[in-house]
Amino acid sequence: MSRPEFDIVIAGAGIVGLATALALSEAHPELRLAVLDKEPEVARHQSSHNSGVVHSGLYYRPGSFRARLAVEGAARLEAFCAEHGLPFVRCGKVIVATDDSEVPRLEELHRRGIENGVPGLELIDSRRLRALEPHAAGVAAVWSPNTAITDFGLVARTMARLATAHGVALRLGSRVVAVEEEAQRLRLETTTGPLTARYLVNCAGLHSDALARAAGERPEVRIVPFRGEYYRLAPQRRGLVRSAIYPVPDPRFPFLGVHLTRTVDGEVEAGPNAVLAFAREGYSWGRLDPAELADALAFPGLWRMAREHWRAGLFEAYRSLSKGAFVRSLRKLVPEVREADVERHGAGVRAQALRPDGTLVDDFVFLASRRALHVLNAPSPAATASLAIGRHVAGELAAVMGAAPAGAASPV
Ligand SMILES: Cc1cc2nc3c(=O)[nH]c(=O)nc-3n(C[C@H](O)[C@H](O)[C@H](O)COP(=O)(O)OP(=O)(O)OC[C@H]3O[C@@H](n4cnc5c(N)ncnc54)[C@H](O)[C@@H]3O)c2cc1C
């Protein structure tokens with residue numbers, strides 16, 4: 001049998017796939033690498049439809065991938081942006097307890113952040129909150145001075161440029177539809193023809209579970225698309241927000257709650273909510289994919305989640321359709337915001353893994369098999385953590401490949 005065309009093919013040119021390509025090409029210049037994406041350009045989905053916040057790592061369970069890789073990834077990202085002249089603004093953020101009942105959870109977040117090694121965190125009172133964010137209302141807050149903002153789409157495009165300069169083949173407009181294992185290699189069927197590789201890395205985001213199944217895996221989790229819709233503040237009202245103002249999140253869900261954030265373009269965005277979408281790329285209510293919907297409805301986990309959280313789901317749908325309801329959520333954080341101050345401003349769709357028992361997976365998930373490594377859950381803060389995830393995946397892949405080549409063996 002002839003030699004495979006590539007040593008490793010990465011499916012998905014979002015920020016995770018590209019960071020993985022970069023890590024592999026830096027550590028192992030001898031490997032023949034390719035990145036494939038079904039879209040005509042890189043980072044068309046989650047990686048360019050997000051809040052642009054470089055999270056400091058305070059929310060996540062100590063010891064989890066999210067905690068470790070967010071803290072490390074944020075530091076790597078800052079250095080990467082400095083090296084390549086990309087925007088990185090350390091604006092800080094406040095997480096605001098709007099009444100006394102939220103204070104214990106706020107204190108817990110502060111404790112977690114300290115345990116996760118997040119630098120500079122402070123528990124502050126309402127006077128200090130007013131000094132930092134004069135228009136925010138709250139009884140107490142956590143101040144995270146290291147939280148930053150960037151443009152993840154631009155970061156991803158820069159990663160793509162660097163990876164191709166390292167010799168990585170970037171094949172756009174090429175969807176991986178099937179993966180067959182042959183004697184010493186994989187044969188990938190793509191919409192632009194077949195190709196062969198020794199290993200596959202699946203970084204297909206919203207389609208990662210489907211691709212894992214196409215490659216013969218039986219992952220227990222299923223990706224559920226949660227749309228996050230945004231508004232933006234009118235230019236003359238941007239002064240209401242200096243940095244980023246977040247609520248105390250609901251611990252039942254892995255989402256951070258509707259917040260207000262500055263962007264590197266000088267806008268102030270409000271959102272995202274978390275609405276169950278009718279298609280994996282369901283960027284609006286009108287986008288419905290009957291086959292994907294039927295597949296999702298056949299998954300018992302969806303029904304169990306619906307039974308447990310139907311009230312929250314209905315509220316999210318209502319808040320999505322009603323500007324007034326959305327603005328009422330914002331007014332809890334910044335009471336001066338009025339309906340006339342905001343206009344709709346696009347949406348992103350989160351790839352969130354769901355278990356058969358109806359619980360939402362709250363950590364990154366990596367599934368290794370003989371010739372593949374599947375990234376099966378990489379929601380927020382995976383953009384923040386991308387450079388650390390890339391190094392982690394490169395290290396895991398070295399283990400899959402049987403030998404740990406120099407530089408990639410140690411977990412990040
Ligand atoms: C609304 C929203 C707000 C967020 N805010 C933040 C934030 O502030 N900070 C943060 O750190 N994170 C945030 N995130 C999360 C972050 O954007 C994602 O975790 C990250 O972008 C995931 O990157 P990815 O490469 O895994 O996925 P994606 O960017 O979705 O990339 C997957 C790629 O795979 C391609 N693909 C799919 N199937 C195939 C196939 N069969 N063959 C070939 N290609 C395929 C797709 O075209 C796509 O380009 C947010 C996400 C959303 C949706």
# chains A, B, ... in the order shown; residues from 1 in each chain; ligands from 1
$ closest_atom_pairs --of "chain A" --to "ligand 1" --cutoff "7 Å" --atoms "only C-alpha atoms and all ligand atoms" --output "CSV"
residue,atom,partner,partner_atom_place_in_ligand_line,distance
A:Ala11,CA,ligand 1,43 (C),4.8
A:Gly12,CA,ligand 1,34 (O),3.3
A:Ala13,CA,ligand 1,49 (O),4.8
A:Gly14,CA,ligand 1,25 (O),3.3
A:Ile15,CA,ligand 1,25 (O),4.2
A:Val16,CA,ligand 1,25 (O),3.8
A:Gly17,CA,ligand 1,25 (O),5.3
A:Leu36,CA,ligand 1,43 (C),5.3
A:Asp37,CA,ligand 1,44 (N),3.5
A:Lys38,CA,ligand 1,44 (N),4.2
A:Glu39,CA,ligand 1,47 (O),5.1
A:Val42,CA,ligand 1,49 (O),5.8
A:Ala43,CA,ligand 1,49 (O),4.8
A:Arg44,CA,ligand 1,49 (O),5.2
A:His45,CA,ligand 1,30 (O),4.4
A:Gln46,CA,ligand 1,29 (O),3.9
A:Ser47,CA,ligand 1,21 (O),3.3
A:Ser48,CA,ligand 1,17 (O),6.8
A:His49,CA,ligand 1,53 (C),5.8
A:Asn50,CA,ligand 1,3 (C),3.4
A:Ser51,CA,ligand 1,8 (O),3.8
A:Gly52,CA,ligand 1,8 (O),4.3
A:Val53,CA,ligand 1,8 (O),3.6
A:Val54,CA,ligand 1,9 (N),5.4
A:His55,CA,ligand 1,11 (O),6.0
A:Ser174,CA,ligand 1,43 (C),6.0
A:Arg175,CA,ligand 1,42 (N),3.6
A:Val176,CA,ligand 1,42 (N),3.9
A:Val177,CA,ligand 1,41 (N),5.7
A:Cys203,CA,ligand 1,26 (O),5.5
A:Ala204,CA,ligand 1,34 (O),3.5
A:Gly205,CA,ligand 1,32 (C),4.0
A:Leu206,CA,ligand 1,30 (O),5.8
A:His207,CA,ligand 1,38 (N),4.7
A:Ser208,CA,ligand 1,38 (N),6.5
A:Leu211,CA,ligand 1,41 (N),5.8
A:Arg227,CA,ligand 1,1 (C),6.7
A:Gly228,CA,ligand 1,1 (C),4.3
A:Glu229,CA,ligand 1,1 (C),6.8
A:Pro272,CA,ligand 1,1 (C),5.6
A:Ala347,CA,ligand 1,1 (C),6.2
A:Gly348,CA,ligand 1,1 (C),4.1
A:Val349,CA,ligand 1,53 (C),4.1
A:Arg350,CA,ligand 1,53 (C),3.8
A:Ala378,CA,ligand 1,19 (O),5.0
A:Pro379,CA,ligand 1,19 (O),3.6
A:Ser380,CA,ligand 1,15 (C),3.5
A:Pro381,CA,ligand 1,11 (O),3.4
A:Ala382,CA,ligand 1,19 (O),3.8
A:Ala383,CA,ligand 1,11 (O),3.8
A:Thr384,CA,ligand 1,11 (O),3.7
A:Ala385,CA,ligand 1,11 (O),6.5
$ select_by_dssp --residues "range 106-349 of chain A" --states "strand (DSSP E or B)" --output "ChimeraX atom specification"
/A:122-125,140-144,148-150,169-172,176-181,186-190,195-202,222-233,244-247,259-262,268-271,275-276,342-349
$ residues_around --residues "Ala136 in chain A" --least-positions-apart "2" --cutoff "6 Å" --atoms "only C-alpha atoms" --output "list in words"
Glu133, Pro134, Leu333 and Val334 of chain A
$ write_last_selection --atoms "C-alpha atoms" --output "JSON list (two decimals), in the first residue's frame"
[["chain", "number", "residue", "atom", "x", "y", "z"],
["A", 133, "GLU", "CA", -18.29, 50.82, 36.69],
["A", 134, "PRO", "CA", -20.29, 53.92, 37.63],
["A", 333, "LEU", "CA", -26.89, 44.99, 35.79],
["A", 334, "VAL", "CA", -27.11, 48.53, 34.36]]
$ residues_around --residues "Arg61 in chain A" --least-positions-apart "5" --cutoff "10 Å" --atoms "only C-alpha atoms" --output "mmCIF file with N, CA and C atoms, in the first residue's frame"
data_model
loop_
_atom_site.group_PDB
_atom_site.id
_atom_site.type_symbol
_atom_site.label_atom_id
_atom_site.label_comp_id
_atom_site.auth_asym_id
_atom_site.auth_seq_id
_atom_site.Cartn_x
_atom_site.Cartn_y
_atom_site.Cartn_z
ATOM 1 N N ARG A 66 -10.959 22.952 31.617
ATOM 2 C CA ARG A 66 -11.321 24.351 31.370
ATOM 3 C C ARG A 66 -10.533 25.294 32.282
ATOM 4 N N ALA A 67 -10.399 24.912 33.559
ATOM 5 C CA ALA A 67 -9.665 25.770 34.487
ATOM 6 C C ALA A 67 -8.187 25.865 34.074
ATOM 7 N N ARG A 68 -7.576 24.712 33.849
ATOM 8 C CA ARG A 68 -6.129 24.714 33.571
ATOM 9 C C ARG A 68 -5.808 25.346 32.232
ATOM 10 N N LEU A 109 -17.303 31.897 43.558
ATOM 11 C CA LEU A 109 -16.549 32.173 42.327
ATOM 12 C C LEU A 109 -15.175 32.752 42.655
ATOM 13 N N ARG A 112 -12.981 29.978 43.861
ATOM 14 C CA ARG A 112 -12.566 29.134 42.728
ATOM 15 C C ARG A 112 -11.455 29.800 41.935
ATOM 16 N N GLY A 113 -11.652 31.081 41.678
ATOM 17 C CA GLY A 113 -10.670 31.826 40.886
ATOM 18 C C GLY A 113 -9.301 31.795 41.542
ATOM 19 N N GLU A 115 -8.229 29.540 43.662
ATOM 20 C CA GLU A 115 -7.723 28.168 43.574
ATOM 21 C C GLU A 115 -7.195 27.853 42.177
ATOM 22 N N ASN A 116 -7.815 28.462 41.172
ATOM 23 C CA ASN A 116 -7.365 28.221 39.794
ATOM 24 C C ASN A 116 -6.126 29.034 39.423
ATOM 25 N N ASP A 362 -19.725 19.989 31.371
ATOM 26 C CA ASP A 362 -19.154 21.292 31.721
ATOM 27 C C ASP A 362 -17.628 21.321 31.627
ATOM 28 N N ASP A 363 -17.038 20.374 30.893
ATOM 29 C CA ASP A 363 -15.589 20.444 30.690
ATOM 30 C C ASP A 363 -15.285 20.139 29.222
#
$ atom_distance --atom1 "CA of Arg328 in chain A" --atom2 "CA of Pro247 in chain A"
13.0 Å
$ residues_around --residues "Arg213 in chain A" --least-positions-apart "5" --cutoff "10 Å" --atoms "only C-alpha atoms" --output "PyMOL selection string"
chain A and resi 178-179+208+218-219
$ select_by_dssp --residues "range 136-222 of chain A" --states "alpha helix (DSSP H)" --output "JSON, numbers by chain"
{"A": [152, 153, 154, 155, 156, 157, 158, 159, 160, 161, 162, 163, 164, 165, 208, 209, 210, 211, 212, 213, 214]}
$ write_last_selection --atoms "C-alpha atoms" --output "PDB file, in the first residue's frame"
ATOM      1  CA  PHE A 152     -10.707  35.740  17.918  1.00  0.00           C
ATOM      2  CA  GLY A 153     -11.505  35.678  14.186  1.00  0.00           C
ATOM      3  CA  LEU A 154      -8.384  37.715  13.520  1.00  0.00           C
ATOM      4  CA  VAL A 155      -6.371  35.508  15.895  1.00  0.00           C
ATOM      5  CA  ALA A 156      -7.564  32.415  13.979  1.00  0.00           C
ATOM      6  CA  ARG A 157      -6.698  33.930  10.597  1.00  0.00           C
ATOM      7  CA  THR A 158      -3.218  34.741  11.906  1.00  0.00           C
ATOM      8  CA  MET A 159      -2.808  31.155  13.125  1.00  0.00           C
ATOM      9  CA  ALA A 160      -3.822  29.946   9.635  1.00  0.00           C
ATOM     10  CA  ARG A 161      -1.235  32.213   8.004  1.00  0.00           C
ATOM     11  CA  LEU A 162       1.528  31.001  10.332  1.00  0.00           C
ATOM     12  CA  ALA A 163       0.578  27.345   9.942  1.00  0.00           C
ATOM     13  CA  THR A 164       0.634  27.580   6.132  1.00  0.00           C
ATOM     14  CA  ALA A 165       4.007  29.338   6.374  1.00  0.00           C
ATOM     15  CA  SER A 208     -17.685  17.064  15.961  1.00  0.00           C
ATOM     16  CA  ASP A 209     -19.926  14.281  17.315  1.00  0.00           C
ATOM     17  CA  ALA A 210     -21.300  13.554  13.829  1.00  0.00           C
ATOM     18  CA  LEU A 211     -17.771  13.355  12.416  1.00  0.00           C
ATOM     19  CA  ALA A 212     -16.693  11.069  15.273  1.00  0.00           C
ATOM     20  CA  ARG A 213     -19.603   8.781  14.391  1.00  0.00           C
ATOM     21  CA  ALA A 214     -18.645   8.935  10.704  1.00  0.00           C
TER      22      ALA A 214
END
